[in-house]
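All remarks here apply to the structure that follows.
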Amino acid sequence: MTTEANDLEALADEAGRSAAEMETASQWRLIWWRFRTHRLAMLGAVMLIVMYLVAIFAGFFAPYASDTTTATSAFAPPALPKFSVQDGFYIHPSVGRTDIDTLQRVFETDTSQKIRLGFLVRGDEYRILGVIPADRHLFGPVDGDKTWYPLGADRSGADLLSKIIYGSQVSLSIGLIGVIVSLVLGLLLGGVSGYFGGWVDNIIQRVIEFIMSVPTLPLWLGLAAAIPPNMGPVQTYLLITVILSLFGWTSLARVIRGRFLQTRDEDFVLAAKLDGVRTRRIIARHLLPSFTSHVIATVSLAIPAMILAETSLSFLGLGLRAPAVSWGVLLQDAQSVQAVATTPWLMFPGLAVILAVVAFNFVGDGLRDSADPYGGDAG
Amino acid sequence: MTAPDPTAPDPTAPEPTTPGPAAPDPDVLDPGDPILSVRGLRTSFFTDRGEVRAVDDVSFDVPRGQTVCVVGESGSGKTATARSVLQVVDRPGRVVGGSMDYRPEPGAEAVDLAALDPRGARIRALRGREISMIFQEPMSSLSPVHTVGRQITELLTEHEGLKRRDPAARQRVIDALGRVGIPRPEERIDAYTFQLSGGMRQRAMIAMALITNPRLVIADEPTTALDVTTQAQILDLLAELKESSGLSLMFITHDLGVVAEIADRVVVMRHGKVVEQGSVDQIFHDPRHDYTKHLLSSLPQRGGAPVTVRQRTEPAARVPERPPVLQVRDLSMEFTTSAGRRFGPRRKAVVKAVDGVSFQVRPGRTLGIVGESGCGKTTLGRTLLRAYRPTAGSIGYRDDDRAEPVDLAGLGERELLPYRRRLRMIFQDPYGSLNPRMTVQQVVAEPLHAAGETRRSELRDRAAEALRRVGLRPEMLNRYPHAFSGGERQRIGIARALITRPRLVVADEAVSALDVSIRAQVLDLLAELQQELDLTYVFVSHDLSVVQRICDEVAVMYFGKIVEHGPAETIFADPQHDYTKALLSAVPIADPDERNTRRRISYRPDPAIVG
C-alpha cells in the first residue's frame, strides 16, 4: 500500500535515520540498522561477544588454571562470597571428608577463618593468548594458594568455573571451525551445483541426499571410535571438527545452491551478462554479494548445531577425553542420577551450552530477518 | 439495524431514509438513492512502524444500477477502499472510521458495513450473496486444488443452503458459467483452474461473483492481468451483465482507457484521498482538479496523438537509402522442456518461442514489436541481443552505414563482447534489473568496466554524464537503487544502456511497469535521446497506445510469428491481418464519447487458445 517514497521513509524511520542517510547506505549498513532494532538478537550478540572474550582470555577470567586440583575439596559445593565492610568480599574455608557410613562427601565450614577475595589478584600462572606470561586473575582469593569454588568443585577437586571457562575454548571454537570447514565445502559444492546445473547438479544433490539419509549418531560413533586413543588432544580436536563438518556441509550446500538458482534468473544478472561482464565477475560481484547475508544467517544458525554435536559426542565419551576440557567432557560427570541428586552443580556446563546455543539462535534469527533489507516486509 | 460499535464515529446520516412502503423495482435507476454510500471512510494499516493511512476520509456514492470507477495510480488506496467495503482488508489493516451505508432496496433501511464485525455472521451473510467481489488475479484467487464448479457451488451451499450434490445446484453453476460466455460449461464445470486460460479463469471468477445474484459487485482491477483482447471481452461481458441483471458495479482500475469504456461515474483517488469525483463526461471533458488533468494528459492516446517522435520522421524519409542496422532472417528460438509423466518415458517438448522471424530496422528509427503475453516478443528481443543462442536464422548487424553486416547469431561469447557495447537493452522491471547491492555509479559504469575501462575518474565522469543525459543529477551516483522511485530507476536503467554509446537499443516493455504519468515522461526521454544520439530502437510492448505513440514501424507477433509488419500509420489505420484488427479493436479508447462506436473483432484461429 505504500508508495516507494514512503517505503524509504518508513525504512529510514525504522532505523532511526534520515532519508538522506538511507540513500547512500550500503547493504551492510542497512542490515546493521535493521539488526539493531532486533532486541533479542542484540542481546544474543552481546552475550556471544562476552563469551568469546572470556574464552580467548580464559586464563585471566578463570580464577584457577584448569589443572589445579585439591583432592580434599572433591565435590565441594558452590560457595557464594559474603561481604563485610571490614574485610570486603570473603568466604569461610570448608574442609571436606567422606562419611564412612554413607560414603557421602560432607563439608564443614570453619566460620572462624576467612579467605579474603579480591579483584585482579595474583594466582596460577598462565599465558595470555598462549604467549605472554601472566599471573593476574580478574577475581579470586587474595592469597593465591587458598581455594574458592564459586560454582563448586568436580570429582578431582578442581574449580568448576575455571573448567567451564577453559572448556569454552574448545566448545565455542569447534562450532566456528566446524562451520567454516562446512562452509567451504558447502560453497564449493553448492555453488558448482547451482551454477552449472545439469548432471553435475544431479550427482551432487543425490550425494547430499545420501549423506543426509544416514543416521548421524551411529556414524559419529563409528568415526569417533576410529580415532586412535593415544592421540593428543589437539589432533583429536581437529579430527572431531572434520567429522562434524563432513555432515554439516550438506544443508549449507543446499541453501547456497538454492540461492544460486534463485539469483541466477534475476534480471540484474541478465543485465550484467548483456553488459559484457565475464562469468567470473558475475559470480563474484553480482551473485555472491546478493546472498552472502543469507548465507551468514544460515551459518550462524548452524554453529549451535555444531556445538551441540560436539557436546553430545564428548558426553557419550566418544569425542574429547580428559584431560582435555570441553563442556561435553565436563558433562560426562553429570551422567548419573546420583550426580543430579547429590552434586547438582556438576550440571552447570549444561547451562553454558544452553546459553551459547540460545545466543547463537537469537543472533541467527535476527540476521535472517535483516538479511534482505530491500523488501519482504509487510505494509 | 445498525449494530452499535464504539469505534465507528456517528455517521452524519447523509440522506434521510425514505420511510416509504414496499420498495419499488430495484432495477429502477434512482441516482438519489445510492446502493452504497460511503462517508468519511478511513482504513489504516498498523505496521511496526506505526499507522499507515491507506484510505483517509473517503466519501462517495455508488448509484443503483450504475458503474462507479475508482481510479488512481499505485499506492493511491483504491484497492484498500474496495476491500474495506467488504471488510476484507489484509492484515494488519482495518477499517478505523467512517460509515458505509448499504441499502439493498431503494428506501430500505441502511446497513452500516463499517460497523459490522469483520468476522461476524452479519457481514458474512452479505459477502458473496448481496455484495460480491472479483479479484485481479484469478489464478491466485481461485483454489487450484478444487474444480471451478466446486468452488462456485460452495457459495450456493453457504448462502442458499443447497446440498453440494444437488443436481439443481450443478445446473445453476452450469447456467452461470454459460452466462459469462464460457463455451461448453457442462464440461468446464469439472475443470481445474490451471486447465483454463486466463480469460476463462476471469470469466469463472465473474460467474462465481454473480451466481447468487448480488446487487453490488466490486471488481478490483479485474482485467489488469489480462491481454488486451481478453480485457475487451471481459469489459463487454461486465457491461452486458450490468444491463441484464441490473447490478451496480464498483470498478477499481488504474487504466483511464478502461474507465472511459465502462464508467458512469468516476472517483479519482490519490494518496488515500478522493481528489475529484463526477460523471464520466465531466471527468474526461471538464476535469477540475490538476491531478485529474495531469492523469488525462499523460494518457498516450490523448497526449495529442503524433507527439515528439512523429515529428522527426523526415530525416529517415529524406535519406531512405541508409542501410538497415539490423537485418534478421528466419530467426528461430526453441526451448526444450522435458515434459511427460513422472514414471515412464520422458518426452522432450519443444516450445517454439520465436518461429522463423524476419525483419529489418533502419538506423534512427523505431520498430515496435507488439503482441499478447506468450507470443514470444520478449524472447525475440533477448535473442537479438544474444542473451540466448538462436536455434536457427541470422541476425545481421551493421555497426556502421558503410560496414558489412556481421551475423551475431553464430558468434561466441568472446567475439560478442565488442557488440555488447553497441547493442543494449532496457529492462521492463525497474526493481529487478538493478542490483540492489551496488551504487548507481557501479551499476551504470559496469558495462564500461566490463569493456576494460578501469580508471576511476573516467568511470565516474562517464557515469555522471550518463545520469545527466537521462535527467538525473550526478550527485545521485553514490546512492543505492533503493533510494529511487520506479521512474527514476528506469532512468538509471536507460543510463546504463546508453553509457557505452550504443547504436541499437532493445527496450523490453520499458514503460509498462510504470504509472501512467511517469510513463509519459520516460517515453519523452527515450524519444529525445533517440534524436540526440541517433539511436535505433526495437520497442517490445503489449501496449498498443505506447507503440502507436513512439514507433515508426510495427511488427505484430502472434505465437512466435510476425503476422503483420509495416509502417505504424498503415498498421494502425488500415490493418490487414485479422489478428491485428482484433488487437486494435480491443484497445480501450480513453474517451467516453467514443464508447460503442466500434465493433469488436475477435480472432480465434487456434482452438487451443479458446481453452
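Starting from 1 in every chain, residues are counted up; chains themselves are A, B, ... following the order of the C-alpha cells, and ligands are numbered from 1 as listed.
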request  = Please determine the contact residues of chain B with respect to chain A at a cut-off of 6 Å, counting only C-alpha atoms, and supply them as a ChimeraX atom specification.
outcome  = /B:75,417,420,432-435,437,447,450,478-480,483,485
Please build the interface table for segment 113-154 of chain B against segment 218-236 of chain B with a cut-off of 8 Å, listing for each qualifying residue the nearest atom pair and the distance in Å to one decimal; count only C-alpha atoms, order rows by chain and increasing number, and write it as a tab-separated table.
residue	atom	partner	partner_atom	distance
B:Ile131	CA	B:Ile218	CA	7.3
B:Ser132	CA	B:Ile218	CA	6.1
B:Met133	CA	B:Ile218	CA	4.6
B:Ile134	CA	B:Ala219	CA	4.6
B:Phe135	CA	B:Asp220	CA	5.2
B:Gln136	CA	B:Pro222	CA	4.5
B:Glu137	CA	B:Ala225	CA	6.4
Could you dump the residues just selected with C-alpha atoms as an mmCIF file, in the first residue's frame?
data_model
loop_
_atom_site.group_PDB
_atom_site.id
_atom_site.type_symbol
_atom_site.label_atom_id
_atom_site.label_comp_id
_atom_site.auth_asym_id
_atom_site.auth_seq_id
_atom_site.Cartn_x
_atom_site.Cartn_y
_atom_site.Cartn_z
ATOM 1 C CA ILE B 131 -22.120 -7.885 -2.443
ATOM 2 C CA SER B 132 -19.507 -9.886 -4.241
ATOM 3 C CA MET B 133 -16.017 -9.263 -5.363
ATOM 4 C CA ILE B 134 -13.962 -10.019 -8.461
ATOM 5 C CA PHE B 135 -10.240 -10.094 -7.856
ATOM 6 C CA GLN B 136 -7.369 -9.057 -10.041
ATOM 7 C CA GLU B 137 -5.519 -12.315 -10.362
#
remark   = Min atom-atom distance to Pro218 of chain A from the set A:Tyr52, A:Ala341, A:Tyr166, A:Leu318, counting only C-alpha atoms, belongs to A:Leu318
request  = Go through segment 21-252 of chain A and collect every residue that DSSP, computed from the backbone, puts in strand (DSSP E or B); the answer should be as a PyMOL selection string.
outcome  = chain A and resi 69+82-84+88-91+94-98+105-109+115-128+132-141+153+158-159
Residues from last step as file, C-alpha atoms, as a PDB file, in the first residue's frame:
ATOM      1  CA  THR A  69      43.169 -29.678  41.837  1.00  0.00           C
ATOM      2  CA  LYS A  82      29.942 -12.816  51.655  1.00  0.00           C
ATOM      3  CA  PHE A  83      30.604  -9.165  52.236  1.00  0.00           C
ATOM      4  CA  SER A  84      31.647  -7.119  55.211  1.00  0.00           C
ATOM      5  CA  GLY A  88      35.488  -6.767  51.758  1.00  0.00           C
ATOM      6  CA  PHE A  89      34.433  -9.973  49.985  1.00  0.00           C
ATOM      7  CA  TYR A  90      35.322 -13.148  51.806  1.00  0.00           C
ATOM      8  CA  ILE A  91      34.325 -16.786  52.256  1.00  0.00           C
ATOM      9  CA  SER A  94      35.470 -25.533  54.344  1.00  0.00           C
ATOM     10  CA  VAL A  95      37.046 -28.918  54.699  1.00  0.00           C
ATOM     11  CA  GLY A  96      35.536 -31.987  53.154  1.00  0.00           C
ATOM     12  CA  ARG A  97      35.615 -35.545  54.356  1.00  0.00           C
ATOM     13  CA  THR A  98      33.895 -38.699  53.231  1.00  0.00           C
ATOM     14  CA  ARG A 105      31.014 -36.133  50.915  1.00  0.00           C
ATOM     15  CA  VAL A 106      30.367 -33.902  53.907  1.00  0.00           C
ATOM     16  CA  PHE A 107      31.723 -30.386  54.155  1.00  0.00           C
ATOM     17  CA  GLU A 108      32.196 -28.475  57.345  1.00  0.00           C
ATOM     18  CA  THR A 109      32.570 -24.769  57.197  1.00  0.00           C
ATOM     19  CA  ILE A 115      39.505 -16.273  52.952  1.00  0.00           C
ATOM     20  CA  ARG A 116      39.562 -12.785  51.535  1.00  0.00           C
ATOM     21  CA  LEU A 117      38.621 -12.371  47.917  1.00  0.00           C
ATOM     22  CA  GLY A 118      39.614  -9.597  45.576  1.00  0.00           C
ATOM     23  CA  PHE A 119      39.792  -8.373  42.042  1.00  0.00           C
ATOM     24  CA  LEU A 120      42.932  -8.542  39.881  1.00  0.00           C
ATOM     25  CA  VAL A 121      44.668 -10.882  42.293  1.00  0.00           C
ATOM     26  CA  ARG A 122      47.774 -12.922  41.741  1.00  0.00           C
ATOM     27  CA  GLY A 123      47.260 -16.640  41.272  1.00  0.00           C
ATOM     28  CA  ASP A 124      48.143 -19.501  38.955  1.00  0.00           C
ATOM     29  CA  GLU A 125      50.382 -18.613  36.094  1.00  0.00           C
ATOM     30  CA  TYR A 126      49.094 -18.663  32.568  1.00  0.00           C
ATOM     31  CA  ARG A 127      49.975 -17.192  29.185  1.00  0.00           C
ATOM     32  CA  ILE A 128      47.868 -14.505  27.512  1.00  0.00           C
ATOM     33  CA  ILE A 132      52.686 -13.510  27.255  1.00  0.00           C
ATOM     34  CA  PRO A 133      53.195 -14.987  30.727  1.00  0.00           C
ATOM     35  CA  ALA A 134      50.959 -13.520  33.415  1.00  0.00           C
ATOM     36  CA  ASP A 135      49.503 -14.430  36.790  1.00  0.00           C
ATOM     37  CA  ARG A 136      46.803 -11.817  37.379  1.00  0.00           C
ATOM     38  CA  HIS A 137      43.215 -13.046  37.543  1.00  0.00           C
ATOM     39  CA  LEU A 138      40.082 -10.960  37.304  1.00  0.00           C
ATOM     40  CA  PHE A 139      38.904 -12.212  40.665  1.00  0.00           C
ATOM     41  CA  GLY A 140      39.862 -14.869  43.190  1.00  0.00           C
ATOM     42  CA  PRO A 141      41.251 -15.307  46.678  1.00  0.00           C
ATOM     43  CA  ALA A 153      34.273 -28.421  42.528  1.00  0.00           C
ATOM     44  CA  ALA A 158      39.128 -28.632  40.538  1.00  0.00           C
ATOM     45  CA  ASP A 159      37.198 -25.391  40.333  1.00  0.00           C
TER      46      ASP A 159
END
task = Quick one: pull the distance between atom CA of Tyr537 of chain B and atom CA of Ile282 of chain A, Å, one decimal.
result = 26.9 Å
query = Could you write out, as a list in words, all the residues of segment 84-176 of chain A that DSSP marks as alpha helix (DSSP H)?
reply =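 Selecting the alpha helix (DSSP H) positions of segment 84-176 of chain A gives Leu160, Leu161, Ser162, Lys163, Ile164, Ile165, Tyr166, Gly167, Ser168, Gln169, Val170, Ser171, Leu172, Ser173, Ile174, Gly175 and Leu176 of chain A.
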key: Selection near Val540 of chain B, 8 Å with only C-alpha atoms, sequence-local residues under 3 positions removed, as JSON, numbers by chain   = {"B": [368, 369, 370, 377, 378, 381, 506, 507, 508, 509, 510]}
Next, the residues of the selection above should be written as a tab-separated table (two decimals), in the first residue's frame with N, CA and C atoms.
chain	number	residue	atom	x	y	z
B	368	GLY	N	8.41	-1.22	-33.47
B	368	GLY	CA	7.63	-1.73	-32.35
B	368	GLY	C	7.30	-3.18	-32.59
B	369	ILE	N	7.48	-4.01	-31.56
B	369	ILE	CA	7.04	-5.40	-31.67
B	369	ILE	C	5.91	-5.58	-30.67
B	370	VAL	N	4.72	-5.84	-31.20
B	370	VAL	CA	3.57	-5.95	-30.30
B	370	VAL	C	2.99	-7.35	-30.37
B	377	LYS	N	7.52	-12.20	-27.91
B	377	LYS	CA	8.16	-10.93	-28.23
B	377	LYS	C	9.35	-10.64	-27.32
B	378	THR	N	9.23	-11.00	-26.03
B	378	THR	CA	10.37	-10.79	-25.13
B	378	THR	C	11.54	-11.69	-25.52
B	381	GLY	N	13.28	-10.19	-28.44
B	381	GLY	CA	14.15	-9.08	-28.04
B	381	GLY	C	15.44	-9.57	-27.42
B	506	VAL	N	17.32	-2.25	-27.44
B	506	VAL	CA	16.09	-3.03	-27.36
B	506	VAL	C	15.42	-2.66	-26.04
B	507	ALA	N	14.23	-2.10	-26.12
B	507	ALA	CA	13.51	-1.73	-24.91
B	507	ALA	C	12.40	-2.74	-24.71
B	508	ASP	N	12.55	-3.57	-23.68
B	508	ASP	CA	11.59	-4.65	-23.45
B	508	ASP	C	10.53	-4.17	-22.46
B	509	GLU	N	9.38	-3.79	-22.96
B	509	GLU	CA	8.30	-3.29	-22.11
B	509	GLU	C	8.83	-2.22	-21.17
B	510	ALA	N	9.60	-1.30	-21.71
B	510	ALA	CA	10.37	-0.41	-20.85
B	510	ALA	C	9.49	0.49	-19.98
task = Choose the residue, out of A:Phe315, A:Phe291, A:Trp220, A:Phe61, that has the smallest atom-to-atom separation from Arg259 of chain A; count only C-alpha atoms.
result = A:Phe291
Show which residues sit within 10 Å of segment 463-472 of chain B, as a PDB file with C-alpha atoms, in the first residue's frame. Count only C-alpha atoms, and ignore same-chain residues fewer than 3 positions away.
ATOM      1  CA  VAL B 440      24.203   3.819  -9.015  1.00  0.00           C
ATOM      2  CA  GLN B 441      27.700   4.531 -10.187  1.00  0.00           C
ATOM      3  CA  GLN B 442      28.679   0.890 -10.026  1.00  0.00           C
ATOM      4  CA  VAL B 443      25.505  -0.138 -11.840  1.00  0.00           C
ATOM      5  CA  VAL B 444      25.794   2.451 -14.564  1.00  0.00           C
ATOM      6  CA  ALA B 445      29.534   2.095 -15.086  1.00  0.00           C
ATOM      7  CA  GLU B 446      29.552  -1.707 -15.032  1.00  0.00           C
ATOM      8  CA  LEU B 448      32.429   0.288 -19.129  1.00  0.00           C
ATOM      9  CA  SER B 457      37.878   9.194 -12.613  1.00  0.00           C
ATOM     10  CA  GLU B 458      36.937   8.186 -16.145  1.00  0.00           C
ATOM     11  CA  LEU B 459      34.268   5.760 -14.891  1.00  0.00           C
ATOM     12  CA  ARG B 460      32.878   8.403 -12.612  1.00  0.00           C
ATOM     13  CA  GLU B 475      25.143  13.702  -7.017  1.00  0.00           C
ATOM     14  CA  MET B 476      22.977  10.617  -7.080  1.00  0.00           C
ATOM     15  CA  LEU B 477      25.926   8.449  -8.104  1.00  0.00           C
ATOM     16  CA  GLU B 488      13.944   7.198 -11.599  1.00  0.00           C
ATOM     17  CA  GLN B 490      14.029   3.221 -15.132  1.00  0.00           C
ATOM     18  CA  ARG B 491      16.088   6.290 -15.975  1.00  0.00           C
ATOM     19  CA  ILE B 492      19.076   4.667 -14.309  1.00  0.00           C
ATOM     20  CA  GLY B 493      18.444   1.600 -16.461  1.00  0.00           C
ATOM     21  CA  ILE B 494      18.424   3.828 -19.530  1.00  0.00           C
ATOM     22  CA  ALA B 495      21.647   5.488 -18.403  1.00  0.00           C
ATOM     23  CA  ARG B 496      23.246   2.058 -18.099  1.00  0.00           C
ATOM     24  CA  ALA B 497      22.103   1.206 -21.607  1.00  0.00           C
ATOM     25  CA  LEU B 498      23.449   4.420 -23.068  1.00  0.00           C
ATOM     26  CA  ILE B 499      26.796   4.736 -21.314  1.00  0.00           C
ATOM     27  CA  THR B 500      28.569   2.635 -23.919  1.00  0.00           C
ATOM     28  CA  ARG B 501      27.261   4.891 -26.728  1.00  0.00           C
ATOM     29  CA  VAL B 522      10.062   8.194 -19.813  1.00  0.00           C
ATOM     30  CA  LEU B 525      13.016  10.946 -22.666  1.00  0.00           C
ATOM     31  CA  LEU B 526      13.503   7.977 -24.969  1.00  0.00           C
ATOM     32  CA  GLU B 528      14.650  12.851 -27.055  1.00  0.00           C
ATOM     33  CA  LEU B 529      17.664  10.576 -26.661  1.00  0.00           C
ATOM     34  CA  GLU B 532      20.319  13.321 -29.847  1.00  0.00           C
TER      35      GLU B 532
END
Gly44 of chain A surroundings by only C-alpha atoms, 9 Å radius, close-in-sequence under 2 positions cut, as a PyMOL selection string = chain A and resi 39-42+46-49+356+358-363
Resulting file, chosen residues, C-alpha atoms, as a PDB file, in the first residue's frame:
ATOM      1  CA  ARG A  39      16.331  -6.650  20.620  1.00  0.00           C
ATOM      2  CA  LEU A  40      16.785 -10.344  21.268  1.00  0.00           C
ATOM      3  CA  ALA A  41      19.375 -10.547  18.534  1.00  0.00           C
ATOM      4  CA  MET A  42      21.302  -7.650  20.022  1.00  0.00           C
ATOM      5  CA  VAL A  46      26.324  -9.079  23.332  1.00  0.00           C
ATOM      6  CA  MET A  47      26.227 -12.443  25.096  1.00  0.00           C
ATOM      7  CA  LEU A  48      28.307 -14.029  22.361  1.00  0.00           C
ATOM      8  CA  ILE A  49      30.872 -11.261  22.395  1.00  0.00           C
ATOM      9  CA  ALA A 356      25.651 -20.305  23.956  1.00  0.00           C
ATOM     10  CA  VAL A 358      20.334 -19.710  22.633  1.00  0.00           C
ATOM     11  CA  ALA A 359      22.557 -16.703  21.982  1.00  0.00           C
ATOM     12  CA  PHE A 360      23.569 -18.063  18.590  1.00  0.00           C
ATOM     13  CA  ASN A 361      19.966 -18.751  17.709  1.00  0.00           C
ATOM     14  CA  PHE A 362      18.894 -15.238  18.671  1.00  0.00           C
ATOM     15  CA  VAL A 363      21.635 -13.747  16.558  1.00  0.00           C
TER      16      VAL A 363
END
query = Quick one: of B:Arg184, B:Arg201, B:Arg39, B:Arg265, who's nearest to Gln66 of chain B, counting only C-alpha atoms?
reply =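 Going through B:Arg184, B:Arg201, B:Arg39, B:Arg265 one by one, the smallest distance to Gln66 of chain B is for B:Arg265.
What separates atom CA of Ile283 of chain B from atom CA of Gly199 of chain B is a distance of 29.7 Å.
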inquiry  = So, with only C-alpha atoms as the atoms that count, which of A:Thr68, A:Thr147, A:Thr311, A:Thr37 lies closest to Pro349 of chain A?
reply    =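 Looking only at the distances to Pro349 of chain A, the closest residue turns out to be A:Thr311.
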ask   = From the set A:Asp110, A:Trp345, A:Leu188, A:Ser245, which residue has the shortest atom-to-atom contact distance to Gly152 of chain A, counting only C-alpha atoms?
value =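 With only C-alpha atoms as the atom set, the closest residue is A:Trp345.
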